[in-house]
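> Data file structure-v1.cif (mmCIF, C-alpha atoms and all ligand atoms) is appended below.
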```
data_upload
#
loop_
_atom_site.label_atom_id
_atom_site.label_comp_id
_atom_site.auth_asym_id
_atom_site.auth_seq_id
_atom_site.Cartn_x
_atom_site.Cartn_y
_atom_site.Cartn_z
CA MET H 25 106.50 138.54 67.87
CA ARG H 26 108.55 135.56 68.99
CA ASP H 27 108.60 134.98 72.73
CA THR H 28 111.49 132.78 73.81
CA GLY H 29 111.31 133.42 77.54
CA PHE H 30 113.76 134.89 80.00
CA ALA H 31 116.98 133.19 78.90
CA ALA H 32 119.02 134.86 76.15
CA VAL H 33 120.45 131.55 74.95
CA PRO H 34 123.04 131.97 72.17
CA ASN H 35 121.66 131.13 68.76
CA SER H 36 124.73 129.15 67.74
CA PRO H 37 125.51 125.44 67.38
CA ARG H 38 127.89 125.41 70.39
CA PHE H 39 127.26 127.10 73.69
CA VAL H 40 127.33 126.57 77.43
CA LEU H 41 124.50 126.95 79.91
CA ARG H 42 126.45 128.15 82.92
CA ASN H 43 125.51 127.73 86.57
CA ALA H 44 122.46 125.59 85.96
CA THR H 45 120.70 123.84 88.85
CA LEU H 46 119.72 120.29 87.91
CA PRO H 47 117.53 117.76 89.72
CA ALA H 48 119.89 114.82 90.24
CA VAL H 49 117.14 112.28 89.56
CA LEU H 50 116.85 113.63 86.02
CA ALA H 51 120.59 113.59 85.35
CA ASP H 52 121.91 110.11 84.69
CA GLY H 53 124.27 108.58 87.18
CA ARG H 54 124.67 111.68 89.32
CA VAL H 55 125.43 110.84 92.93
CA LEU H 56 124.89 113.67 95.36
CA PRO H 57 126.69 114.22 98.64
CA GLU H 58 124.55 113.57 101.69
CA ASP H 59 124.46 117.29 102.48
CA ALA H 60 122.27 117.91 99.40
CA PRO H 61 118.86 116.87 100.71
CA ASP H 62 117.09 118.97 98.10
CA GLY H 63 118.40 116.58 95.41
CA LEU H 64 119.79 119.44 93.32
CA PHE H 65 123.28 120.16 91.99
CA ARG H 66 125.00 122.93 90.03
CA ALA H 67 126.64 122.36 86.67
CA ASN H 68 127.62 123.85 83.33
CA ILE H 69 125.82 122.14 80.45
CA HIS H 70 127.78 122.13 77.20
CA ILE H 71 125.58 121.94 74.11
CA ALA H 72 126.83 121.13 70.62
CA ASP H 73 124.84 120.60 67.43
CA GLY H 74 121.53 120.27 69.25
CA ARG H 75 122.77 117.72 71.80
CA ILE H 76 124.13 117.75 75.31
CA GLU H 77 127.85 117.22 74.93
CA ARG H 78 129.11 117.38 78.50
CA ILE H 79 127.95 118.22 82.00
CA LEU H 80 130.79 119.79 83.96
CA SER H 81 131.25 121.40 87.35
CA PRO H 82 130.17 125.06 87.46
CA GLY H 83 133.74 126.32 87.88
CA SER H 84 134.96 124.76 84.65
CA ILE H 85 136.19 127.08 81.92
CA GLY H 86 134.40 126.58 78.63
CA ASP H 87 135.17 128.04 75.26
CA GLY H 88 132.74 129.92 73.07
CA GLU H 89 129.41 131.51 73.85
CA SER H 90 127.46 130.97 77.00
CA PHE H 91 124.44 132.01 79.02
CA ASP H 92 124.69 132.33 82.78
CA LEU H 93 121.56 130.95 84.47
CA SER H 94 122.86 132.14 87.86
CA GLY H 95 121.39 129.06 89.49
CA GLY H 96 118.22 128.76 87.38
CA MET H 97 116.84 125.22 87.15
CA VAL H 98 117.14 123.11 84.01
CA TRP H 99 114.77 120.20 83.40
CA PRO H 100 114.37 117.83 80.49
CA CYS H 101 111.16 118.30 78.48
CA PHE H 102 108.03 116.92 80.15
CA VAL H 103 105.99 113.82 79.36
CA ASP H 104 102.19 114.12 79.64
CA MET H 105 100.97 110.53 79.67
CA HIS H 106 97.22 110.94 80.11
CA THR H 107 95.27 113.59 78.19
CA HIS H 108 92.05 113.92 76.21
CA LEU H 109 93.00 116.15 73.30
CA ASP H 110 89.83 115.16 71.43
CA LYS H 111 87.59 116.56 74.19
CA GLY H 112 89.73 119.65 74.78
CA HIS H 113 88.35 123.19 74.74
CA ILE H 114 84.66 122.42 74.15
CA TRP H 115 83.79 124.19 77.42
CA PRO H 116 82.44 127.44 75.86
CA ARG H 117 79.86 125.57 73.78
CA ARG H 118 79.21 122.72 76.25
CA PRO H 119 79.91 123.60 79.90
CA ASN H 120 79.24 121.12 82.67
CA PRO H 121 76.01 122.39 84.31
CA ASP H 122 76.88 121.25 87.87
CA GLY H 123 80.49 120.01 87.80
CA SER H 124 79.48 116.39 88.46
CA PHE H 125 80.92 113.27 86.84
CA ALA H 126 77.51 112.16 85.56
CA ALA H 127 76.87 115.52 83.93
CA ALA H 128 80.36 115.46 82.40
CA LEU H 129 79.65 112.12 80.70
CA ALA H 130 76.26 113.20 79.40
CA THR H 131 77.45 116.64 78.25
CA VAL H 132 80.43 115.27 76.33
CA GLU H 133 78.22 112.66 74.70
CA LYS H 134 75.87 115.40 73.49
CA ASP H 135 78.72 117.46 72.10
CA ARG H 136 80.38 114.46 70.45
CA SER H 137 77.31 113.43 68.49
CA ALA H 138 76.51 117.01 67.48
CA ASN H 139 79.95 118.43 66.64
CA TRP H 140 82.89 116.04 66.45
CA SER H 141 83.64 116.13 62.73
CA ALA H 142 87.22 115.52 61.59
CA ALA H 143 87.69 119.28 61.15
CA ASP H 144 86.39 120.07 64.65
CA VAL H 145 88.50 117.37 66.35
CA THR H 146 91.60 118.35 64.36
CA ALA H 147 91.36 122.04 65.26
CA ARG H 148 90.92 121.38 69.00
CA MET H 149 93.60 118.67 69.17
CA GLU H 150 96.02 120.92 67.30
CA PHE H 151 95.29 123.75 69.76
CA GLY H 152 96.08 121.45 72.69
CA LEU H 153 99.32 120.28 71.10
CA ARG H 154 100.44 123.88 70.60
CA CYS H 155 99.85 124.55 74.31
CA ALA H 156 101.74 121.41 75.38
CA TYR H 157 104.66 122.21 73.07
CA ALA H 158 104.91 125.83 74.21
CA HIS H 159 104.96 124.77 77.88
CA GLY H 160 107.87 122.36 77.22
CA THR H 161 106.29 118.92 76.71
CA SER H 162 107.79 116.58 74.11
CA LEU H 163 105.62 113.43 74.46
CA VAL H 164 101.85 113.30 74.87
CA ARG H 165 99.56 110.30 75.16
CA THR H 166 95.91 111.05 74.45
CA HIS H 167 92.84 108.92 74.95
CA LEU H 168 90.36 109.02 72.07
CA ASP H 169 86.63 108.50 72.55
CA SER H 170 86.25 105.35 70.46
CA ALA H 171 82.63 104.27 70.75
CA SER H 172 81.33 103.67 67.23
CA PRO H 173 81.12 105.72 64.97
CA GLN H 174 83.55 108.25 66.53
CA HIS H 175 86.54 105.87 66.23
CA ALA H 176 86.35 106.11 62.43
CA ILE H 177 86.65 109.91 62.65
CA SER H 178 89.15 110.47 65.47
CA TRP H 179 91.79 107.80 64.76
CA PRO H 180 92.61 109.06 61.24
CA VAL H 181 92.78 112.60 62.68
CA PHE H 182 95.26 111.35 65.30
CA ALA H 183 97.40 109.66 62.60
CA GLU H 184 97.54 112.87 60.59
CA LEU H 185 98.47 114.98 63.63
CA ARG H 186 101.11 112.49 64.77
CA GLU H 187 102.73 112.87 61.37
CA ARG H 188 102.47 116.65 61.31
CA TRP H 189 103.90 117.03 64.84
CA THR H 190 106.87 114.70 64.39
CA GLY H 191 109.96 116.30 65.94
CA ARG H 192 107.94 118.66 68.12
CA VAL H 193 105.53 116.52 70.16
CA ASP H 194 105.57 112.73 69.90
CA LEU H 195 101.97 111.56 70.04
CA GLN H 196 100.47 108.30 71.28
CA ALA H 197 96.77 107.38 71.34
CA VAL H 198 94.60 105.02 73.38
CA SER H 199 91.07 103.83 72.65
CA LEU H 200 88.41 104.80 75.19
CA PHE H 201 85.15 102.90 75.53
CA ALA H 202 83.19 101.23 78.32
CA ILE H 203 84.76 97.84 79.15
CA ASP H 204 81.54 95.87 78.61
CA ALA H 205 81.47 97.04 74.97
CA PHE H 206 84.35 94.64 74.38
CA LEU H 207 81.98 91.70 74.96
CA ASP H 208 80.40 92.59 71.61
CA GLN H 209 82.55 90.60 69.21
CA ILE H 210 81.88 92.84 66.22
CA PHE H 211 82.92 95.97 68.13
CA ALA H 212 85.93 94.20 69.66
CA ASP H 213 87.19 93.12 66.23
CA GLU H 214 86.72 96.58 64.83
CA ILE H 215 88.39 98.48 67.65
CA VAL H 216 91.35 96.10 67.91
CA GLY H 217 91.79 96.47 64.14
CA THR H 218 91.60 100.28 64.29
CA VAL H 219 94.06 100.55 67.19
CA ALA H 220 96.54 98.11 65.62
CA GLU H 221 96.31 99.78 62.22
CA HIS H 222 97.19 103.16 63.78
CA GLY H 223 99.95 101.91 66.07
CA GLY H 224 97.87 102.77 69.13
CA VAL H 225 97.28 101.41 72.60
CA LEU H 226 94.17 99.44 73.56
CA GLY H 227 92.24 101.00 76.43
CA ALA H 228 88.85 101.07 78.10
CA VAL H 229 87.02 102.42 81.14
CA THR H 230 86.72 99.72 83.79
CA PHE H 231 84.03 99.58 86.44
CA MET H 232 82.12 96.86 88.26
CA VAL H 233 80.12 95.20 85.48
CA PRO H 234 79.02 91.56 85.98
CA GLU H 235 81.31 90.20 83.25
CA LEU H 236 84.36 92.32 84.09
CA ASP H 237 86.76 89.37 84.36
CA LYS H 238 85.60 87.93 81.07
CA ALA H 239 85.96 91.27 79.26
CA LEU H 240 89.43 91.88 80.73
CA THR H 241 90.63 88.40 79.81
CA LEU H 242 89.37 88.88 76.26
CA MET H 243 91.06 92.28 75.98
CA MET H 244 94.36 90.96 77.26
CA GLU H 245 94.30 87.98 74.92
CA ARG H 246 93.44 90.12 71.92
CA ALA H 247 96.04 92.77 72.84
CA ALA H 248 98.72 90.11 73.36
CA ASN H 249 97.95 88.59 69.95
CA ARG H 250 98.43 91.93 68.23
CA GLY H 251 101.37 93.11 70.34
CA LEU H 252 99.37 96.01 71.82
CA ASP H 253 99.93 97.70 75.19
CA LEU H 254 96.99 98.49 77.49
CA ASP H 255 95.89 101.67 79.27
CA PHE H 256 92.75 101.78 81.40
CA HIS H 257 90.58 104.39 83.14
CA VAL H 258 90.05 102.68 86.48
CA ASP H 259 87.62 103.15 89.38
CA GLU H 260 87.20 106.91 88.95
CA THR H 261 84.73 107.10 91.83
CA HIS H 262 84.46 107.51 95.61
CA ASP H 263 82.59 104.18 95.79
CA ALA H 264 84.79 101.87 97.88
CA ALA H 265 83.14 98.86 96.25
CA ALA H 266 84.82 99.75 92.95
CA CYS H 267 87.83 97.44 92.74
CA SER H 268 88.42 96.86 89.04
CA LEU H 269 92.13 97.65 89.59
CA ARG H 270 92.38 94.32 91.43
CA ALA H 271 90.57 92.60 88.54
CA ILE H 272 93.02 94.09 86.03
CA ALA H 273 96.03 92.93 88.05
CA ASP H 274 94.54 89.46 88.46
CA ALA H 275 93.77 89.20 84.73
CA ALA H 276 97.30 90.33 83.80
CA ILE H 277 98.81 87.65 86.06
CA ARG H 278 96.30 84.99 84.94
CA THR H 279 96.88 85.63 81.22
CA LYS H 280 100.62 86.31 81.64
CA PHE H 281 100.08 89.48 79.65
CA PRO H 282 103.41 90.32 77.96
CA GLY H 283 102.92 94.04 77.19
CA ARG H 284 102.83 97.20 79.30
CA ILE H 285 99.77 98.06 81.36
CA VAL H 286 98.86 101.49 82.69
CA ALA H 287 95.98 102.18 85.07
CA GLY H 288 94.74 105.76 85.50
CA HIS H 289 92.78 107.37 88.36
CA CYS H 290 92.18 104.43 90.79
CA CYS H 291 90.38 106.90 93.10
CA SER H 292 88.26 104.40 95.04
CA LEU H 293 91.40 102.73 96.42
CA ALA H 294 91.77 105.68 98.79
CA MET H 295 88.26 105.06 100.18
CA GLN H 296 88.77 101.37 100.99
CA PRO H 297 89.67 100.01 104.44
CA ASN H 298 93.40 99.44 104.99
CA LYS H 299 93.93 95.75 104.26
CA GLU H 300 92.07 95.82 100.97
CA PRO H 301 94.30 98.33 99.17
CA GLU H 302 97.39 96.54 100.47
CA ALA H 303 96.33 93.26 98.88
CA THR H 304 95.44 95.05 95.64
CA LEU H 305 98.76 96.89 95.53
CA ASP H 306 100.65 93.61 96.04
CA ARG H 307 98.92 92.28 92.92
CA VAL H 308 99.52 95.54 90.98
CA ALA H 309 103.23 95.36 91.83
CA GLU H 310 103.39 91.68 90.84
CA ALA H 311 101.67 92.42 87.50
CA GLY H 312 104.05 95.33 86.80
CA ILE H 313 101.20 97.78 86.25
CA GLY H 314 102.11 101.48 86.15
CA ILE H 315 99.76 103.98 87.78
CA VAL H 316 98.97 107.52 86.67
CA SER H 317 97.13 109.89 88.99
CA LEU H 318 95.23 112.86 87.59
CA PRO H 319 95.13 115.20 90.57
CA MET H 320 93.57 118.29 89.03
CA CYS H 321 90.65 116.42 87.47
CA ASN H 322 90.14 114.25 90.56
CA LEU H 323 90.06 117.30 92.82
CA TYR H 324 87.47 118.90 90.52
CA LEU H 325 85.10 115.94 90.07
CA GLN H 326 85.37 113.80 93.19
CA ASP H 327 83.39 114.48 96.37
CA ARG H 328 81.35 117.20 94.70
CA GLN H 329 77.88 117.91 96.00
CA ALA H 330 76.16 121.24 95.56
CA GLY H 331 76.29 123.32 98.71
CA ARG H 332 78.61 120.93 100.57
CA THR H 333 82.34 121.42 101.08
CA PRO H 334 84.36 118.47 99.73
CA ARG H 335 86.02 116.29 102.39
CA TRP H 336 88.62 114.36 100.37
CA ARG H 337 91.07 115.14 97.61
CA GLY H 338 90.00 112.50 95.14
CA VAL H 339 93.48 111.14 94.44
CA THR H 340 94.81 107.60 94.71
CA LEU H 341 97.45 106.12 97.05
CA LEU H 342 100.54 107.37 95.23
CA HIS H 343 102.89 107.32 98.23
CA GLU H 344 101.99 103.73 99.13
CA MET H 345 102.41 102.66 95.51
CA ALA H 346 105.81 104.33 95.11
CA ALA H 347 106.96 102.76 98.39
CA ARG H 348 106.18 99.34 96.92
CA GLY H 349 108.22 100.03 93.80
CA ILE H 350 105.18 100.54 91.57
CA GLU H 351 105.97 103.04 88.81
CA VAL H 352 103.81 106.14 89.37
CA ALA H 353 103.18 109.33 87.44
CA VAL H 354 100.85 112.31 87.28
CA ALA H 355 99.34 113.87 84.16
CA SER H 356 96.98 116.56 82.87
CA ASP H 357 93.83 114.60 81.99
CA ASN H 358 91.11 116.92 80.64
CA THR H 359 91.44 120.54 79.56
CA ARG H 360 88.52 122.97 79.36
CA ASP H 361 85.85 120.34 78.84
CA PRO H 362 82.98 119.06 81.02
CA PHE H 363 85.34 116.77 82.99
CA TYR H 364 87.56 119.70 83.98
CA ALA H 365 86.74 123.35 83.37
CA TYR H 366 90.39 124.49 83.39
CA GLY H 367 93.85 123.28 82.39
CA ASP H 368 96.37 124.11 79.68
CA LEU H 369 98.54 120.98 79.28
CA ASP H 370 101.25 122.67 81.33
CA MET H 371 103.11 119.88 83.13
CA LEU H 372 104.74 122.34 85.51
CA GLU H 373 101.25 123.31 86.68
CA VAL H 374 100.37 119.61 86.99
CA PHE H 375 103.52 118.99 89.04
CA ARG H 376 102.88 122.03 91.23
CA GLU H 377 99.30 120.95 91.92
CA ALA H 378 100.36 117.33 92.43
CA VAL H 379 102.90 118.40 95.05
CA ARG H 380 100.16 120.28 96.90
CA VAL H 381 97.24 117.86 96.49
CA LEU H 382 99.25 114.66 97.05
CA GLN H 383 101.80 116.21 99.44
CA LEU H 384 104.74 115.13 97.32
CA ASP H 385 107.10 117.08 99.55
CA HIS H 386 109.36 116.95 102.59
CA PRO H 387 111.27 116.10 100.58
CA ILE H 388 110.15 116.99 97.05
CA ALA H 389 113.41 115.60 95.64
CA GLY H 390 112.75 112.39 93.73
CA TRP H 391 109.15 113.23 92.87
CA GLU H 392 110.23 115.16 89.78
CA ARG H 393 110.27 111.72 88.15
CA VAL H 394 106.46 111.71 88.02
CA VAL H 395 106.26 114.20 85.13
CA THR H 396 109.42 113.07 83.33
CA ARG H 397 111.25 109.74 83.61
CA SER H 398 108.45 107.64 85.10
CA PRO H 399 105.83 108.46 82.46
CA ALA H 400 108.51 108.10 79.76
CA ALA H 401 109.27 104.59 81.03
CA MET H 402 105.58 103.70 81.19
CA LEU H 403 105.08 104.88 77.60
CA GLY H 404 107.96 102.77 76.34
CA ARG H 405 110.30 105.77 75.90
CA PRO H 406 113.00 105.38 78.57
CA ASP H 407 115.33 107.14 76.09
CA ILE H 408 113.83 110.60 76.79
CA ALA H 409 113.13 112.94 79.72
CA ARG H 410 116.64 112.87 81.16
CA ILE H 411 119.69 115.10 81.03
CA ALA H 412 122.82 113.27 79.93
CA PRO H 413 125.66 113.56 77.42
CA GLY H 414 124.47 112.46 73.99
CA GLN H 415 120.83 113.32 74.69
CA PRO H 416 119.06 115.90 72.50
CA ALA H 417 119.14 119.33 74.16
CA ASP H 418 115.36 119.29 74.74
CA LEU H 419 115.35 121.32 77.93
CA VAL H 420 113.17 123.63 79.98
CA LEU H 421 115.00 126.53 81.64
CA PHE H 422 113.56 128.31 84.68
CA ARG H 423 114.57 131.44 86.58
CA ALA H 424 113.75 129.56 89.79
CA ARG H 425 116.81 128.20 91.61
CA ASN H 426 115.18 125.75 93.99
CA TRP H 427 111.90 123.98 94.76
CA THR H 428 110.15 126.77 96.60
CA GLU H 429 110.96 129.33 93.90
CA LEU H 430 109.91 126.86 91.20
CA LEU H 431 106.55 125.93 92.72
CA SER H 432 105.48 129.33 94.02
CA ARG H 433 105.10 131.00 90.61
CA PRO H 434 103.75 129.79 87.25
CA GLN H 435 107.18 130.21 85.56
CA SER H 436 105.44 131.74 82.56
CA ASP H 437 108.73 133.22 81.40
CA ARG H 438 110.45 129.84 81.08
CA THR H 439 112.65 129.18 78.05
CA VAL H 440 112.11 125.93 76.14
CA LEU H 441 114.99 124.54 74.09
CA ARG H 442 114.37 121.95 71.42
CA ALA H 443 117.53 120.48 69.89
CA GLY H 444 119.42 123.36 71.49
CA LYS H 445 117.29 126.16 70.02
CA ALA H 446 114.87 128.36 71.96
CA ILE H 447 111.33 127.87 70.65
CA ASP H 448 108.58 130.47 70.47
CA HIS H 449 106.55 129.67 73.55
CA ALA H 450 103.68 132.07 72.89
CA LEU H 451 100.41 130.27 73.65
CA PRO H 452 97.61 130.06 71.08
CA ASP H 453 94.76 132.54 71.55
CA TYR H 454 91.35 131.13 72.55
CA ARG H 455 89.82 133.45 69.96
CA GLU H 456 91.16 131.09 67.29
CA LEU H 457 88.53 128.58 68.41
CA ASP H 458 85.60 131.01 68.41
CA ASP H 459 84.24 129.79 65.06
CA LEU H 460 83.94 126.26 66.46
CA MET H 461 82.07 127.46 69.54
CA GLY H 462 79.17 128.96 67.59
CA SER H 463 77.14 131.54 69.42
CA ALA H 464 78.43 130.18 72.74
CA ALA H 465 81.80 131.99 72.40
ZN ZN X 1 91.20 110.43 81.42
#
```
Spell out the structure here as structure tokens.

Amino acid sequence: MRDTGFAAVPNSPRFVLRNATLPAVLADGRVLPEDAPDGLFRANIHIADGRIERILSPGSIGDGESFDLSGGMVWPCFVDMHTHLDKGHIWPRRPNPDGSFAAALATVEKDRSANWSAADVTARMEFGLRCAYAHGTSLVRTHLDSASPQHAISWPVFAELRERWTGRVDLQAVSLFAIDAFLDQIFADEIVGTVAEHGGVLGAVTFMVPELDKALTLMMERAANRGLDLDFHVDETHDAAACSLRAIADAAIRTKFPGRIVAGHCCSLAMQPNKEPEATLDRVAEAGIGIVSLPMCNLYLQDRQAGRTPRWRGVTLLHEMAARGIEVAVASDNTRDPFYAYGDLDMLEVFREAVRVLQLDHPIAGWERVVTRSPAAMLGRPDIARIAPGQPADLVLFRARNWTELLSRPQSDRTVLRAGKAIDHALPDYRELDDLMGSAA
């Protein structure tokens, strides 16, 4: 049975969403009076032929059919800019034995070499996309394990899925390999070719290897030659000596890299003494690097020792970055794999957890950018994730009327509109994956 959530939105080409509460940051050009510290305003949203036609004051009289939200919030669809769809949902057959980062790496490696056929990767990626779509996400960037020979399997799968999901979830992919692998010319040629051929983004995991600067320079030169953007996994560790973020910023400035650069995680920055992060963030701002924090995964993996209560939250310096004008976002990262035992690609959950873990509150207003406009900008899609006349009516409707109502419950009864129509937001059943999990399910 179709489940379209709480809102009985008219199934007609023209209708009005009455008495909606909108975050001003997500509605173009909206200036709020100073007595609206929560950053929210009420409006009627007129929808025609799948697009937002007008946004009028709540008292305005509209013609035709309507649904009264009685103050329920309306958001644009979410952007999830850092995921690992190819690793997703292997937990039942390959759990992390102790929840550590080292075990996560080793366990995924074992599963990849034993099981990651095109059929296996396709089924799990498809499952993840169905979750993301049902929760109200319209753009997903996934990293793909790209050490040889997996790149030859996973990139064609990505291309096929991108095609199949056109109009529902826009899909981007990034290569993932250890940065020093790029010093091997044969591998570098092959991976740059694969990424360029599939319209992807070049990415690697950076850590303190002796030839880090050389590898970064090479990557930036090769990416610039092919017109590729870059997206790195950076310093995902508590070790304060890890400062590859600084090396990336320096390399970008040195090579005058012309494309977009994203750096994910950057956990160690929070463990460094004060002056050091400040200098690094100056360089990051100068290089125009965007930062994505992965709070749920960081909280799970960082500062974990058996029998000892964790003392830090694992996340990077998002407040300090935002204060410097660095574009910042949060995203899902892993889902039900050895790097994170949980997760469902629900960006409202990610936002809720980010608000709590990173204290994105007092006020919350403004931070709603981190799951919408900011990641859209970083992914080269400033055209989406906003509510404005002329935009497609790709909207998420909530019963909640304000921040505390929104973030206190999972909002599982939300209604997701795509081009003005309510979609079936029933989530796929884990039982569908049982055949892939072997006896482990
Ligand atoms: Zn990641």
> Leaving out Asp237 of chain H and any residue of its chain fewer than 3 positions from it, which residues lie within 7 Å of it when counting all atoms listed in the file, given as a VMD selection string?
chain H and resid 240 to 241 271
> When distances are computed from only C-alpha atoms and all ligand atoms, which of H:Ala346, H:Leu109, H:Ala443, H:Val225 shows the smallest separation from ligand ZN 1 (chain X)?
H:Leu109
> Would you pick out the contacts of segment 63-72 of chain H at 6 Å or less, using all atoms listed in the file, so that residues sharing its chain but fewer than 3 positions from it are not included, and give the list as a list in words?
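With the cut-off at 6 Å, the set is Pro37, Arg38, Phe39, Val40, Leu41, Arg42, Asn43, Ala44, Thr45, Leu46, Pro47, Ala48, Ala60, Arg75, Ile76, Glu77, Arg78, Ile79, Leu80, Ser81, Pro82 and Ala389 of chain H.
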> Using all atoms listed in the file, which protein or nucleic acid residues are at most 9 Å from ligand ZN 1 (chain X), as a PyMOL selection string?
chain H and resi 106-108+166-167+200+256-257+288-289+318+321+356-358+363
> Using the selection just defined, write its residues with C-alpha atoms as a CSV table (one decimal), in the frame of the given file.

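Saved result, again.csv, follows:
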```
chain,number,residue,atom,x,y,z
H,106,HIS,CA,97.2,110.9,80.1
H,107,THR,CA,95.3,113.6,78.2
H,108,HIS,CA,92.0,113.9,76.2
H,166,THR,CA,95.9,111.0,74.4
H,167,HIS,CA,92.8,108.9,75.0
H,200,LEU,CA,88.4,104.8,75.2
H,256,PHE,CA,92.8,101.8,81.4
H,257,HIS,CA,90.6,104.4,83.1
H,288,GLY,CA,94.7,105.8,85.5
H,289,HIS,CA,92.8,107.4,88.4
H,318,LEU,CA,95.2,112.9,87.6
H,321,CYS,CA,90.6,116.4,87.5
H,356,SER,CA,97.0,116.6,82.9
H,357,ASP,CA,93.8,114.6,82.0
H,358,ASN,CA,91.1,116.9,80.6
H,363,PHE,CA,85.3,116.8,83.0
```
> Smallest atom-to-atom distance to Gln209 of chain H: which of H:Val233, H:Leu252, H:Ala239, H:Leu419, using only C-alpha atoms?
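That would be H:Ala239, the residue with the smallest distance to Gln209 of chain H.
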> What does the distance between atom CA of Asn249 of chain H and atom CA of Val286 of chain H come to in Å, to one decimal place?
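Computing the Euclidean distance for atom CA of Asn249 of chain H and atom CA of Val286 of chain H yields 18.2 Å.
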> Which residues of segment 358-389 of chain H have any atom within 10 Å of an atom in segment 121-139 of chain H when counting only C-alpha atoms, and what is the closest pair of atoms for each, with the distance in Å to one decimal? Order the rows by chain and rising number and write it as CSV.

```
residue,atom,partner,partner_atom,distance
H:Asp361,CA,H:Val132,CA,7.8
H:Pro362,CA,H:Ala128,CA,4.7
H:Phe363,CA,H:Ala128,CA,5.2
H:Tyr364,CA,H:Gly123,CA,8.0
H:Ala365,CA,H:Gly123,CA,8.4
```
> Near Thr230 of chain H, within 10 Å and counting all atoms listed in the file, which residues show up once chain neighbours fewer than 5 positions away are dropped, as a list in words?
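Near neighbours after the sequence-gap exclusion: Phe201, Ala202, Ile203, Asp204, Leu236, Ala239, Leu240, Phe256, His257, Val258, Asp259, Glu260, Ala266, Cys267, Ser268, Leu269, Ala271, Ile272 and Ala287 of chain H.
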> Okay, now the selection with C-alpha atoms, as a PDB file, in the frame of the given file?

```
ATOM      1  CA  PHE H 201      85.150 102.900  75.530  1.00  0.00           C
ATOM      2  CA  ALA H 202      83.190 101.230  78.320  1.00  0.00           C
ATOM      3  CA  ILE H 203      84.760  97.840  79.150  1.00  0.00           C
ATOM      4  CA  ASP H 204      81.540  95.870  78.610  1.00  0.00           C
ATOM      5  CA  LEU H 236      84.360  92.320  84.090  1.00  0.00           C
ATOM      6  CA  ALA H 239      85.960  91.270  79.260  1.00  0.00           C
ATOM      7  CA  LEU H 240      89.430  91.880  80.730  1.00  0.00           C
ATOM      8  CA  PHE H 256      92.750 101.780  81.400  1.00  0.00           C
ATOM      9  CA  HIS H 257      90.580 104.390  83.140  1.00  0.00           C
ATOM     10  CA  VAL H 258      90.050 102.680  86.480  1.00  0.00           C
ATOM     11  CA  ASP H 259      87.620 103.150  89.380  1.00  0.00           C
ATOM     12  CA  GLU H 260      87.200 106.910  88.950  1.00  0.00           C
ATOM     13  CA  ALA H 266      84.820  99.750  92.950  1.00  0.00           C
ATOM     14  CA  CYS H 267      87.830  97.440  92.740  1.00  0.00           C
ATOM     15  CA  SER H 268      88.420  96.860  89.040  1.00  0.00           C
ATOM     16  CA  LEU H 269      92.130  97.650  89.590  1.00  0.00           C
ATOM     17  CA  ALA H 271      90.570  92.600  88.540  1.00  0.00           C
ATOM     18  CA  ILE H 272      93.020  94.090  86.030  1.00  0.00           C
ATOM     19  CA  ALA H 287      95.980 102.180  85.070  1.00  0.00           C
TER      20      ALA H 287
END
```
> Can you pull out every residue within 9 Å of Phe30 of chain H, counting only C-alpha atoms, but drop anything in the same chain fewer than 4 positions away, and send it as a PDB file with C-alpha atoms, keeping the file's coordinate frame?

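out_22.pdb was written with the following content:
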```pdb
ATOM      1  CA  LEU H 421     115.000 126.530  81.640  1.00  0.00           C
ATOM      2  CA  PHE H 422     113.560 128.310  84.680  1.00  0.00           C
ATOM      3  CA  ARG H 423     114.570 131.440  86.580  1.00  0.00           C
ATOM      4  CA  ASP H 437     108.730 133.220  81.400  1.00  0.00           C
ATOM      5  CA  ARG H 438     110.450 129.840  81.080  1.00  0.00           C
ATOM      6  CA  THR H 439     112.650 129.180  78.050  1.00  0.00           C
TER       7      THR H 439
END
```
> Measuring atom to atom with only C-alpha atoms, identify which of H:Ala212, H:Val98, H:Ala378, H:Leu369 is nearest to Val354 of chain H.
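Counting only C-alpha atoms, the residue closest to Val354 of chain H is H:Ala378.
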> Would you kindly return, as a ChimeraX atom specification, each protein, DNA or RNA residue with an atom no farther than 12 Å from any atom of Ser436 of chain H, considering all atoms listed in the file and excluding same-chain residues fewer than 5 positions away?
/H:27-30,158-160,370,372-373,420-424,430-431,449-451
> Which of these residues is nearest to Arg335 of chain H, using all atoms listed in the file: H:Gly312, H:Met295, H:Gly349, H:Ala273?
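Of H:Gly312, H:Met295, H:Gly349, H:Ala273, the one nearest Arg335 of chain H is H:Met295, counting all atoms listed in the file.
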> Point out the residue among H:Asp52, H:Asp385, H:Asp169, H:Glu245 with the least atom-to-atom distance to Lys111 of chain H, counting all atoms listed in the file.
H:Asp169
> Quick one: pull the distance between atom CA of Cys155 of chain H and atom CA of Ile408 of chain H, Å, one decimal.
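Going from atom CA of Cys155 of chain H over to atom CA of Ile408 of chain H, I get 19.9 Å.
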> One decimal, Å: what's the distance from atom CA of Ala294 of chain H over to atom CA of Pro334 of chain H, could you say?
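So the two atoms, atom CA of Ala294 of chain H and atom CA of Pro334 of chain H, lie 14.8 Å apart.
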> With distances taken over all atoms listed in the file, which of H:Asp104, H:Gly444, H:Ser170, H:Gly390 is nearest to Gln415 of chain H?
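Of H:Asp104, H:Gly444, H:Ser170, H:Gly390, the one nearest Gln415 of chain H, counting all atoms listed in the file, is H:Gly444.
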> Once you add 5 Å to each side, what are the centre and edge lengths of the axis-aligned box holding all listed atoms of segment 89-108 of chain H? One decimal in Å, as JSON, if you can.

```
{"center_x": 110.7, "center_y": 121.4, "center_z": 81.7, "size_x": 47.4, "size_y": 31.8, "size_z": 25.6}
```
